[in-house]
file input.txt (compact mmCIF, C-alpha atoms)
# COMPACT_ATOMS: atom_id res chain seq x y z
CA MET A 1 -188.93 11.88 5.43
CA LEU A 2 -191.68 14.43 6.01
CA LEU A 3 -194.11 11.71 7.06
CA LEU A 4 -191.50 10.37 9.46
CA ALA A 5 -190.91 13.86 10.88
CA LEU A 6 -194.65 14.35 11.44
CA ALA A 7 -194.88 10.95 13.09
CA GLY A 8 -192.00 11.86 15.40
CA ILE A 9 -193.54 15.21 16.34
CA GLY A 10 -196.91 13.57 16.91
CA SER A 11 -195.37 10.85 19.08
CA ALA A 12 -193.43 13.37 21.18
CA SER A 13 -196.59 15.43 21.62
CA ALA A 14 -198.54 12.35 22.66
CA VAL A 15 -195.97 11.63 25.36
CA LEU A 16 -196.33 15.17 26.69
CA TYR A 17 -200.12 14.97 26.61
CA GLY A 18 -199.81 11.67 28.47
CA LEU A 19 -197.66 13.31 31.11
CA GLY A 20 -200.19 16.12 31.20
CA PHE A 21 -200.76 17.40 34.66
CA SER A 22 -198.34 15.03 36.38
CA LEU A 23 -195.78 17.82 36.05
CA PRO A 24 -197.20 20.26 38.65
CA PRO A 25 -195.12 18.96 41.60
CA LEU A 26 -191.97 19.64 39.58
CA LEU A 27 -193.15 23.18 38.79
CA VAL A 28 -193.91 23.87 42.44
CA GLU A 29 -190.53 22.50 43.46
CA ALA A 30 -188.81 24.70 40.87
CA GLY A 31 -190.60 27.76 42.28
CA LEU A 32 -192.61 28.34 39.10
CA ALA A 33 -195.96 27.85 40.81
CA ALA A 34 -197.45 28.26 44.26
CA PRO A 35 -198.37 25.06 46.14
CA GLY A 36 -201.75 23.84 44.95
CA LYS A 37 -201.56 25.97 41.79
CA GLY A 38 -199.18 23.82 39.78
CA PRO A 39 -201.78 22.40 37.36
CA LEU A 40 -202.49 25.88 36.02
CA ALA A 41 -198.81 26.32 35.20
CA ALA A 42 -198.41 22.91 33.59
CA TYR A 43 -200.28 23.73 30.38
CA PRO A 44 -198.03 26.58 29.16
CA ALA A 45 -194.96 24.75 30.49
CA LEU A 46 -195.43 21.59 28.43
CA GLY A 47 -193.79 22.97 25.29
CA LEU A 48 -196.50 21.51 23.07
CA TYR A 49 -197.05 24.74 21.17
CA GLY A 50 -193.55 24.61 19.70
CA LEU A 51 -194.06 21.04 18.51
CA SER A 52 -197.44 21.77 16.94
CA LEU A 53 -196.09 24.89 15.23
CA LEU A 54 -193.14 22.94 13.81
CA ALA A 55 -195.50 20.33 12.38
CA ALA A 56 -197.72 23.01 10.87
CA LEU A 57 -194.78 24.85 9.31
CA LEU A 58 -193.57 21.61 7.69
CA VAL A 59 -196.97 21.00 6.13
CA PHE A 60 -197.49 24.61 5.04
CA ARG A 61 -194.06 24.73 3.41
CA ARG A 62 -193.81 21.27 1.86
CA GLY A 63 -197.38 20.04 1.60
CA THR A 64 -198.95 16.97 3.13
CA PRO A 65 -197.08 13.78 2.25
CA ARG A 66 -198.75 10.56 1.11
CA GLY A 67 -200.38 9.05 4.17
CA GLY A 68 -200.13 12.36 6.00
CA MET A 69 -203.87 13.01 6.24
CA GLY A 70 -204.46 9.76 8.09
CA LEU A 71 -201.55 10.53 10.39
CA ILE A 72 -202.86 14.01 11.18
CA LEU A 73 -206.32 12.67 11.98
CA ALA A 74 -205.01 9.74 14.02
CA PHE A 75 -202.88 11.92 16.29
CA SER A 76 -205.74 14.43 16.56
CA VAL A 77 -207.86 11.65 18.07
CA VAL A 78 -205.03 10.38 20.29
CA PHE A 79 -204.30 13.82 21.76
CA ARG A 80 -207.93 14.39 22.63
CA LEU A 81 -208.45 10.96 24.14
CA LEU A 82 -205.35 11.37 26.31
CA VAL A 83 -206.61 14.60 27.87
CA LEU A 84 -210.15 13.23 28.13
CA LEU A 85 -208.81 10.76 30.69
CA THR A 86 -207.85 13.61 33.04
CA PRO A 87 -210.37 15.65 35.08
CA PRO A 88 -211.05 19.28 34.06
CA THR A 89 -208.11 21.21 35.45
CA LEU A 90 -207.87 24.62 33.84
CA SER A 91 -211.51 25.66 34.19
CA ASP A 92 -214.59 24.81 36.24
CA ASP A 93 -217.08 25.83 33.53
CA MET A 94 -217.90 22.17 32.91
CA TYR A 95 -219.51 21.87 36.32
CA ARG A 96 -221.67 24.91 35.62
CA TYR A 97 -222.84 23.31 32.37
CA ILE A 98 -223.87 20.11 34.16
CA TRP A 99 -225.58 22.03 36.95
CA GLU A 100 -227.64 24.09 34.52
CA GLY A 101 -228.69 20.96 32.65
CA ARG A 102 -229.67 19.41 35.97
CA ILE A 103 -231.92 22.26 37.09
CA GLN A 104 -233.57 22.47 33.66
CA ARG A 105 -234.37 18.79 33.84
CA ALA A 106 -235.98 19.45 37.23
CA GLY A 107 -238.18 22.15 35.67
CA PHE A 108 -236.31 25.30 36.76
CA SER A 109 -234.82 28.11 34.66
CA PRO A 110 -231.11 29.00 34.97
CA TYR A 111 -232.06 32.53 33.86
CA GLN A 112 -234.16 32.98 37.01
CA LEU A 113 -232.40 31.06 39.75
CA THR A 114 -228.83 31.22 40.98
CA PRO A 115 -227.20 27.98 42.15
CA GLU A 116 -227.53 29.29 45.70
CA ALA A 117 -231.32 29.67 45.46
CA PRO A 118 -232.96 27.87 48.41
CA VAL A 119 -235.50 26.17 46.14
CA LEU A 120 -232.64 24.26 44.49
CA ALA A 121 -231.29 22.83 47.72
CA GLY A 122 -232.61 19.38 46.91
CA LEU A 123 -230.55 19.26 43.69
CA ARG A 124 -227.22 19.93 45.34
CA ASP A 125 -224.67 17.16 45.68
CA THR A 126 -221.05 16.79 46.75
CA ALA A 127 -219.59 16.10 43.30
CA ILE A 128 -220.90 18.86 41.01
CA TYR A 129 -222.42 21.66 43.06
CA PRO A 130 -219.33 22.58 45.16
CA ARG A 131 -217.41 23.21 41.92
CA VAL A 132 -220.02 25.41 40.24
CA ASN A 133 -218.57 28.85 39.53
CA ARG A 134 -220.40 32.11 40.27
CA PRO A 135 -222.90 30.39 42.59
CA SER A 136 -224.51 33.74 43.38
CA ALA A 137 -225.17 34.59 39.72
CA VAL A 138 -227.68 33.42 37.13
CA THR A 139 -226.45 31.92 33.87
CA ILE A 140 -224.65 33.77 31.10
CA TYR A 141 -225.14 31.06 28.46
CA PRO A 142 -227.67 31.58 25.64
CA PRO A 143 -230.54 29.19 24.78
CA GLY A 144 -228.65 26.98 22.34
CA ALA A 145 -226.09 26.15 24.99
CA GLN A 146 -228.90 25.55 27.50
CA ALA A 147 -230.60 23.11 25.13
CA PHE A 148 -227.31 21.25 24.79
CA PHE A 149 -226.80 21.15 28.57
CA LEU A 150 -230.26 19.71 29.00
CA ALA A 151 -229.81 17.11 26.25
CA ILE A 152 -226.55 15.88 27.75
CA GLN A 153 -228.10 15.77 31.22
CA VAL A 154 -230.91 13.58 29.86
CA GLY A 155 -228.60 11.27 27.93
CA LEU A 156 -225.49 11.25 30.15
CA PRO A 157 -226.63 12.56 33.53
CA ASP A 158 -223.93 14.17 35.67
CA SER A 159 -221.12 12.64 33.59
CA VAL A 160 -218.16 15.00 33.27
CA THR A 161 -216.30 12.58 31.00
CA GLY A 162 -219.39 11.83 28.91
CA PHE A 163 -220.12 15.53 28.44
CA ARG A 164 -216.57 16.18 27.28
CA ALA A 165 -216.62 13.11 25.03
CA VAL A 166 -219.52 14.64 23.09
CA LEU A 167 -217.53 17.85 22.72
CA VAL A 168 -214.53 15.84 21.51
CA VAL A 169 -216.72 14.40 18.74
CA ALA A 170 -217.88 17.93 17.85
CA ASP A 171 -214.27 19.12 17.74
CA LEU A 172 -213.24 16.24 15.48
CA PHE A 173 -216.10 17.24 13.21
CA SER A 174 -214.59 20.75 13.14
CA ILE A 175 -211.31 19.26 11.90
CA LEU A 176 -213.12 17.47 9.07
CA LEU A 177 -214.96 20.68 8.17
CA VAL A 178 -211.68 22.63 8.04
CA MET A 179 -210.24 19.97 5.73
CA GLY A 180 -213.34 20.15 3.55
CA LEU A 181 -213.17 23.94 3.36
CA LEU A 182 -209.51 23.79 2.39
CA ARG A 183 -210.28 21.32 -0.41
CA ARG A 184 -213.08 23.54 -1.65
CA LEU A 185 -210.65 26.46 -1.78
CA ASP A 186 -208.08 24.33 -3.63
CA LEU A 187 -205.70 24.40 -0.67
CA ASP A 188 -203.87 21.49 0.91
CA PRO A 189 -206.31 19.93 3.43
CA GLY A 190 -203.33 18.98 5.57
CA ARG A 191 -203.11 22.62 6.63
CA ALA A 192 -205.88 21.73 9.06
CA ILE A 193 -203.03 20.44 11.25
CA LEU A 194 -202.71 23.99 12.60
CA TYR A 195 -206.11 23.53 14.25
CA ALA A 196 -206.06 19.76 14.76
CA TRP A 197 -202.76 19.65 16.67
CA SER A 198 -203.07 23.01 18.41
CA PRO A 199 -202.64 22.59 22.20
CA LEU A 200 -205.17 25.40 22.58
CA THR A 201 -207.95 23.37 20.96
CA VAL A 202 -206.89 20.12 22.64
CA PHE A 203 -206.74 21.52 26.16
CA GLU A 204 -209.53 24.10 26.03
CA LEU A 205 -212.11 22.17 24.04
CA SER A 206 -211.39 18.57 25.06
CA GLN A 207 -209.68 18.73 28.45
CA SER A 208 -211.61 21.68 29.87
CA GLY A 209 -214.70 20.93 27.79
CA HIS A 210 -215.68 24.46 26.85
CA VAL A 211 -218.93 24.65 24.92
CA ASP A 212 -217.09 26.59 22.20
CA ALA A 213 -216.35 23.13 20.80
CA LEU A 214 -220.00 22.96 19.79
CA MET A 215 -220.06 26.52 18.43
CA ILE A 216 -217.02 26.23 16.13
CA PRO A 217 -218.37 23.48 13.81
CA LEU A 218 -221.59 25.48 13.43
CA VAL A 219 -219.55 28.54 12.39
CA LEU A 220 -217.61 26.41 9.90
CA LEU A 221 -220.83 24.90 8.58
CA ALA A 222 -222.18 28.41 8.07
CA LEU A 223 -219.08 29.31 6.06
CA TRP A 224 -219.33 26.07 4.06
CA LEU A 225 -222.97 26.74 3.16
CA ARG A 226 -222.19 30.37 2.34
CA LEU A 227 -219.47 29.31 -0.08
CA GLN A 228 -222.03 27.08 -1.77
CA GLY A 229 -224.40 30.02 -2.13
CA ARG A 230 -226.94 28.47 0.27
CA MET A 231 -227.74 31.74 2.00
CA ALA A 232 -230.66 30.63 4.17
CA GLY A 233 -228.76 27.58 5.36
CA ALA A 234 -225.74 29.72 6.21
CA GLY A 235 -227.95 32.10 8.20
CA LEU A 236 -229.51 29.18 10.07
CA ALA A 237 -226.11 27.70 10.96
CA LEU A 238 -224.73 31.06 12.06
CA GLY A 239 -227.85 31.64 14.15
CA LEU A 240 -227.39 28.26 15.87
CA ALA A 241 -223.74 29.12 16.56
CA THR A 242 -224.84 32.43 18.12
CA LEU A 243 -227.33 30.58 20.29
CA VAL A 244 -224.43 28.55 21.70
CA LYS A 245 -222.02 31.46 22.26
CA LEU A 246 -223.01 35.02 21.43
CA TYR A 247 -219.90 36.25 19.66
CA PRO A 248 -220.42 34.50 16.26
CA ILE A 249 -222.86 37.31 15.56
CA SER A 250 -219.74 39.31 14.66
CA LEU A 251 -219.47 37.19 11.48
CA LEU A 252 -222.84 38.32 10.15
CA PRO A 253 -221.38 41.32 8.25
CA ALA A 254 -218.83 38.99 6.64
CA LEU A 255 -221.27 36.30 5.51
CA ALA A 256 -224.14 38.59 4.56
CA ARG A 257 -224.22 40.45 1.28
CA PRO A 258 -225.64 43.92 0.65
CA ARG A 259 -229.24 43.80 -0.53
CA GLU A 260 -229.45 40.02 -0.02
CA TRP A 261 -232.09 39.24 2.61
CA ARG A 262 -232.21 35.44 2.98
CA LEU A 263 -229.12 35.03 5.16
CA PRO A 264 -229.88 37.81 7.69
CA ALA A 265 -233.54 36.82 7.76
CA ALA A 266 -232.71 33.17 8.49
CA PHE A 267 -230.18 34.26 11.12
CA ALA A 268 -232.65 36.59 12.85
CA ALA A 269 -235.46 34.00 12.77
CA THR A 270 -233.21 31.29 14.21
CA VAL A 271 -232.01 33.47 17.08
CA ALA A 272 -235.52 34.79 17.79
CA LEU A 273 -237.06 31.31 17.83
CA GLY A 274 -234.24 30.09 20.08
CA TYR A 275 -234.92 32.81 22.63
CA LEU A 276 -238.72 32.80 22.36
CA PRO A 277 -239.54 29.96 24.80
CA HIS A 278 -237.29 31.49 27.46
CA VAL A 279 -238.66 35.00 26.89
CA LEU A 280 -242.20 33.69 27.29
CA ARG A 281 -241.18 32.07 30.55
CA VAL A 282 -238.85 34.60 32.20
CA GLY A 283 -239.24 37.79 30.15
CA GLY A 284 -236.31 40.21 30.39
CA GLN A 285 -234.46 37.90 32.76
CA VAL A 286 -233.35 35.98 29.67
CA VAL A 287 -230.29 38.27 29.43
CA GLY A 288 -229.01 36.47 32.54
CA PHE A 289 -225.61 37.46 33.86
CA LEU A 290 -224.61 39.24 30.63
CA PRO A 291 -224.99 42.87 31.85
CA ARG A 292 -222.84 42.14 34.90
CA TYR A 293 -220.23 40.46 32.70
CA PHE A 294 -219.06 43.89 31.55
CA GLY A 295 -218.24 45.02 35.07
CA PRO A 296 -214.63 45.56 36.18
CA TRP A 297 -214.70 42.43 38.36
CA GLU A 298 -214.79 40.34 35.17
CA ASP A 299 -211.69 41.91 33.60
CA PHE A 300 -209.19 39.23 32.65
CA ASN A 301 -206.23 39.37 30.29
CA ILE A 302 -207.46 42.53 28.60
CA GLY A 303 -205.41 43.56 25.61
CA LEU A 304 -205.95 46.60 23.42
CA ARG A 305 -208.68 48.00 25.66
CA GLY A 306 -206.17 48.10 28.50
CA VAL A 307 -203.79 50.14 26.39
CA VAL A 308 -206.58 52.54 25.40
CA GLU A 309 -207.62 52.86 29.02
CA VAL A 310 -204.10 53.84 30.09
CA VAL A 311 -203.95 56.48 27.33
CA LEU A 312 -207.34 57.90 28.32
CA ALA A 313 -206.74 57.90 32.07
CA PRO A 314 -205.29 61.46 32.22
CA LEU A 315 -207.94 62.77 29.80
CA VAL A 316 -211.34 61.51 30.99
CA ALA A 317 -213.01 60.89 34.33
CA ARG A 318 -214.06 57.31 33.54
CA PRO A 319 -211.35 55.84 31.31
CA ARG A 320 -212.58 52.25 31.57
CA GLU A 321 -216.05 53.06 30.27
CA ALA A 322 -214.63 55.32 27.56
CA ALA A 323 -212.26 52.55 26.43
CA LEU A 324 -215.14 50.06 26.32
CA LEU A 325 -217.16 52.39 24.10
CA LEU A 326 -214.21 53.06 21.80
CA CYS A 327 -213.48 49.35 21.35
CA TRP A 328 -217.10 48.49 20.64
CA GLY A 329 -217.29 51.44 18.27
CA ALA A 330 -214.18 50.29 16.44
CA LEU A 331 -215.64 46.78 16.13
CA ALA A 332 -218.84 48.24 14.69
CA GLY A 333 -216.73 50.26 12.26
CA CYS A 334 -214.92 47.10 11.15
CA ALA A 335 -218.27 45.40 10.61
CA LEU A 336 -219.56 48.23 8.43
CA TYR A 337 -216.31 48.35 6.44
CA VAL A 338 -216.37 44.61 5.77
CA TYR A 339 -220.07 44.63 4.86
CA TRP A 340 -220.12 47.66 2.53
CA ARG A 341 -216.58 48.47 1.39
CA ARG A 342 -215.22 44.92 1.06
CA ALA A 343 -218.40 43.25 -0.17
CA GLU A 344 -216.56 41.70 -3.14
CA ALA A 345 -213.70 40.18 -1.11
CA PRO A 346 -213.67 36.38 -0.70
CA VAL A 347 -216.12 35.46 2.03
CA GLU A 348 -213.68 33.23 3.92
CA GLN A 349 -211.25 36.15 4.08
CA LYS A 350 -213.90 38.52 5.40
CA ALA A 351 -214.95 35.98 8.02
CA GLY A 352 -211.35 35.64 9.16
CA TRP A 353 -211.05 39.42 9.43
CA MET A 354 -214.13 39.68 11.64
CA ALA A 355 -213.14 36.76 13.86
CA ALA A 356 -209.75 38.38 14.42
CA ALA A 357 -211.25 41.86 14.85
CA PHE A 358 -213.51 40.54 17.58
CA LEU A 359 -210.53 39.11 19.48
CA LEU A 360 -208.48 42.25 18.98
CA LEU A 361 -211.19 44.70 19.98
CA GLN A 362 -213.19 42.53 22.40
CA PRO A 363 -213.02 44.90 25.34
CA GLN A 364 -213.75 42.49 28.16
CA SER A 365 -212.08 39.26 29.29
CA LEU A 366 -209.95 37.40 26.77
CA HIS A 367 -209.86 33.83 28.03
CA PRO A 368 -207.69 31.36 26.09
CA TRP A 369 -210.62 29.35 24.72
CA TYR A 370 -212.01 32.46 23.02
CA VAL A 371 -209.05 32.29 20.63
CA ALA A 372 -209.87 28.80 19.36
CA TRP A 373 -212.41 29.98 16.80
CA VAL A 374 -209.89 32.04 14.83
CA ILE A 375 -207.54 29.10 14.20
CA PRO A 376 -209.62 27.52 11.37
CA PHE A 377 -209.31 30.80 9.46
CA LEU A 378 -205.53 30.70 9.98
CA CYS A 379 -205.48 27.33 8.22
CA ILE A 380 -206.85 29.14 5.16
CA ARG A 381 -204.70 32.24 5.45
CA PRO A 382 -202.05 32.27 8.16
CA VAL A 383 -201.63 35.57 9.97
CA TRP A 384 -198.47 35.17 11.97
CA GLY A 385 -199.49 37.40 14.85
CA TRP A 386 -202.54 35.26 15.53
CA VAL A 387 -200.61 32.04 15.02
CA TYR A 388 -198.22 33.25 17.72
CA PHE A 389 -201.03 34.40 20.02
CA SER A 390 -202.84 31.06 19.80
CA GLY A 391 -199.93 29.64 21.78
CA ALA A 392 -198.95 32.63 23.89
CA VAL A 393 -202.46 33.19 25.27
CA SER A 394 -202.03 30.12 27.49
CA LEU A 395 -199.56 32.19 29.53
CA SER A 396 -202.55 34.04 30.95
CA TYR A 397 -203.15 31.08 33.26
CA LEU A 398 -200.04 32.15 35.14
CA LYS A 399 -202.22 34.83 36.74
CA TYR A 400 -203.66 32.16 38.98
CA VAL A 401 -200.37 30.71 40.17
CA GLN A 402 -199.56 34.02 41.89
CA GLU A 403 -200.56 34.83 45.47
CA PRO A 404 -202.68 36.91 45.35
CA PRO A 405 -203.77 36.23 41.75
CA HIS A 406 -202.51 38.84 39.29
CA LEU A 407 -201.19 38.93 35.76
CA PRO A 408 -197.48 39.80 35.83
CA GLY A 409 -196.42 42.54 33.45
CA TRP A 410 -193.98 40.29 31.63
CA VAL A 411 -196.81 37.83 30.86
CA TRP A 412 -198.95 40.59 29.34
CA ALA A 413 -195.98 41.80 27.31
CA ALA A 414 -195.14 38.28 26.11
CA GLU A 415 -198.72 37.77 24.97
CA PHE A 416 -199.67 41.04 23.35
CA LEU A 417 -196.59 42.93 22.21
CA PRO A 418 -195.50 40.28 19.67
CA LEU A 419 -199.14 39.99 18.53
CA TYR A 420 -199.40 43.71 17.81
CA GLY A 421 -195.91 43.87 16.33
CA LEU A 422 -196.45 40.93 13.98
CA LEU A 423 -199.86 42.23 12.88
CA LEU A 424 -198.36 45.63 12.06
CA LEU A 425 -195.37 44.09 10.32
CA GLN A 426 -197.42 41.72 8.19
CA GLY A 427 -199.96 44.46 7.44
CA ALA A 428 -197.18 46.74 6.27
CA GLY A 429 -195.75 44.02 4.03
CA GLY A 430 -192.68 43.44 6.16
CA LEU A 431 -193.43 39.74 6.44
CA ARG A 432 -193.77 37.34 3.57
CA PRO A 433 -197.48 37.23 2.75
CA ALA A 434 -199.41 34.06 3.27
CA PRO A 435 -199.75 31.73 0.28
CA SER A 436 -202.41 33.02 -2.08
CA LEU A 437 -205.20 30.97 -3.56
CA PRO A 438 -204.45 29.14 -6.80
CA GLY A 439 -204.86 31.22 -9.90
CA ARG A 440 -208.21 29.92 -11.10
CA LEU A 441 -209.81 30.59 -7.70
CA ALA A 442 -208.04 33.90 -7.18
CA VAL A 443 -209.41 35.15 -10.50
CA ALA A 444 -212.88 33.82 -9.69
CA GLY A 445 -212.72 35.03 -6.12
CA ASP A 446 -215.47 37.57 -6.51
CA HIS A 447 -218.13 34.95 -7.12
CA ARG A 448 -217.43 33.47 -3.66
CA THR A 449 -218.73 36.52 -1.85

call {"tool": "encode", "arguments": {"input": "input.txt", "output": "structure tokens"}}
result
Amino acid sequence: MLLLALAGIGSASAVLYGLGFSLPPLLVEAGLAAPGKGPLAAYPALGLYGLSLLAALLVFRRGTPRGGMGLILAFSVVFRLLVLLTPPTLSDDMYRYIWEGRIQRAGFSPYQLTPEAPVLAGLRDTAIYPRVNRPSAVTIYPPGAQAFFLAIQVGLPDSVTGFRAVLVVADLFSILLVMGLLRRLDLDPGRAILYAWSPLTVFELSQSGHVDALMIPLVLLALWLRLQGRMAGAGLALGLATLVKLYPISLLPALARPREWRLPAAFAATVALGYLPHVLRVGGQVVGFLPRYFGPWEDFNIGLRGVVEVVLAPLVARPREAALLLCWGALAGCALYVYWRRAEAPVEQKAGWMAAAFLLLQPQSLHPWYVAWVIPFLCIRPVWGWVYFSGAVSLSYLKYVQEPPHLPGWVWAAEFLPLYGLLLLQGAGGLRPAPSLPGRLAVAGDHRT
């Protein structure tokens, strides 16, 4: 019966993914979206989060039935292929990726030249260039991402679908890694369904094609190697992940061990070698758009920092800057606590703490795809606030269906208040704790640090 229930949920989800963005006209007609903005409202309106959560709860409560692993994997592929057939709708980052690969192939540096630079006029076309975001800004993406953009441009030039297909393969590899990690921890590998069937990962990593799909398997590989005690390999993998997107550096205090030098040394060497060719070419310009990213014009869907800013507003002259500093300071405090005070905790638990702490305290924009990297850790130890938020964060797209664009107060409340409430409730023991590791691993947990 459980296998049949999962098959039914998977089939219903596949139908909704197939409908995809054919729903926008209905949303516009119902007054839920402004004309021309319906696609942005379709994603949170599909109801897929409820179906994926139901499937995950069935597996977490009753275990994966015989034949269930194949079913989970099969529908994971189907969902991603269905959205791969639709053009990027929720984000235009994909076009920036292709553009930056194009100019690198032509011998230019995206750290030096904005898309609007006159010298690049000969590279502009009518398919990619008009959709490139921030045309007046240099790149924000680190060298690992740039190497990937260039490789795809060489192998699959200017192919939006081909680029995303590679990311789909990377995301499917993430699912296999989550299953492998669960087996290693003596947990049901079917719990990977929480990641595999999550609409967040399907839409953000496969439909929108965010490069986070390449970063996540590298993070999981780092955790896998760390659990095996292969410290240098774990540092290398984490360094590669940080070269794709910068925020995996927040896991370094969780994976490193006091007075153990191989992992941080391998991490530092990997990041340094990744940046070196660009530093030699463009010097300090290698930081790209990053300093400007922390300006107020980039604020989007801010959570705890927004609350802190409101509290500080009557007390300080520059509440935004003060809130930024407090959030970064709190994140640094979490890192020190995990590294020194919780050094003997299971490494996968510490990594989950830091991934969640980054999302909670990240003081700048909180785009939906940023949340994808915490979901693998929820497969190991579900934290109900984050499970909820992995679905609710899609509501932030409703900002762009308003004229002028703004995030309605009820959307912010629906996203963040249950997150904070559930985190406090579970932390205080008011919710049933997540299933613990089996006895033999729980007793031996210290050796997995």

call {"tool": "closest_atom_pairs", "arguments": {"input": "input.txt", "of": "region 90-204 of chain A", "to": "region 15-20 of chain A", "cutoff": "10 Å", "atoms": "only C-alpha atoms", "output": "JSON lines"}}
result
{"residue": "A:Pro199", "atom": "CA", "partner": "A:Tyr17", "partner_atom": "CA", "distance": 9.2}
{"residue": "A:Val202", "atom": "CA", "partner": "A:Tyr17", "partner_atom": "CA", "distance": 9.4}
{"residue": "A:Phe203", "atom": "CA", "partner": "A:Tyr17", "partner_atom": "CA", "distance": 9.3}

call {"tool": "closest_residue", "arguments": {"input": "input.txt", "among": "A:Leu6, A:Ala351, A:Val160, A:Ala413", "to": "Arg62 (chain A)", "atoms": "all atoms listed in the file"}}
result
A:Leu6

call {"tool": "closest_residue", "arguments": {"input": "input.txt", "among": "A:Arg191, A:Arg318, A:Arg164, A:Arg341", "to": "Leu53 (chain A)", "atoms": "all atoms listed in the file"}}
result
A:Arg191

call {"tool": "atom_distance", "arguments": {"input": "input.txt", "atom1": "CA of Ile128 (chain A)", "atom2": "CA of Arg96 (chain A)"}}
result
8.1 Å

call {"tool": "closest_residue", "arguments": {"input": "input.txt", "among": "A:Gly229, A:Gly209, A:Gly333, A:Pro217", "to": "Pro248 (chain A)", "atoms": "all atoms listed in the file"}}
result
A:Pro217

call {"tool": "atom_distance", "arguments": {"input": "input.txt", "atom1": "CA of Val166 (chain A)", "atom2": "CA of Ala192 (chain A)"}}
result
20.8 Å

call {"tool": "atom_distance", "arguments": {"input": "input.txt", "atom1": "CA of Leu172 (chain A)", "atom2": "CA of Tyr95 (chain A)"}}
result
22.5 Å

call {"tool": "residues_around", "arguments": {"input": "input.txt", "residues": "region 7-10 of chain A", "least_positions_apart": "2", "cutoff": "7 Å", "atoms": "all atoms listed in the file", "output": "PDB file with C-alpha atoms, in the coordinates of the input"}}
result
ATOM      1  CA  LEU A   3    -194.110  11.710   7.060  1.00  0.00           C
ATOM      2  CA  LEU A   4    -191.500  10.370   9.460  1.00  0.00           C
ATOM      3  CA  ALA A   5    -190.910  13.860  10.880  1.00  0.00           C
ATOM      4  CA  ALA A  12    -193.430  13.370  21.180  1.00  0.00           C
ATOM      5  CA  SER A  13    -196.590  15.430  21.620  1.00  0.00           C
ATOM      6  CA  ALA A  14    -198.540  12.350  22.660  1.00  0.00           C
ATOM      7  CA  LEU A  51    -194.060  21.040  18.510  1.00  0.00           C
ATOM      8  CA  ALA A  55    -195.500  20.330  12.380  1.00  0.00           C
ATOM      9  CA  PHE A  75    -202.880  11.920  16.290  1.00  0.00           C
TER      10      PHE A  75
END
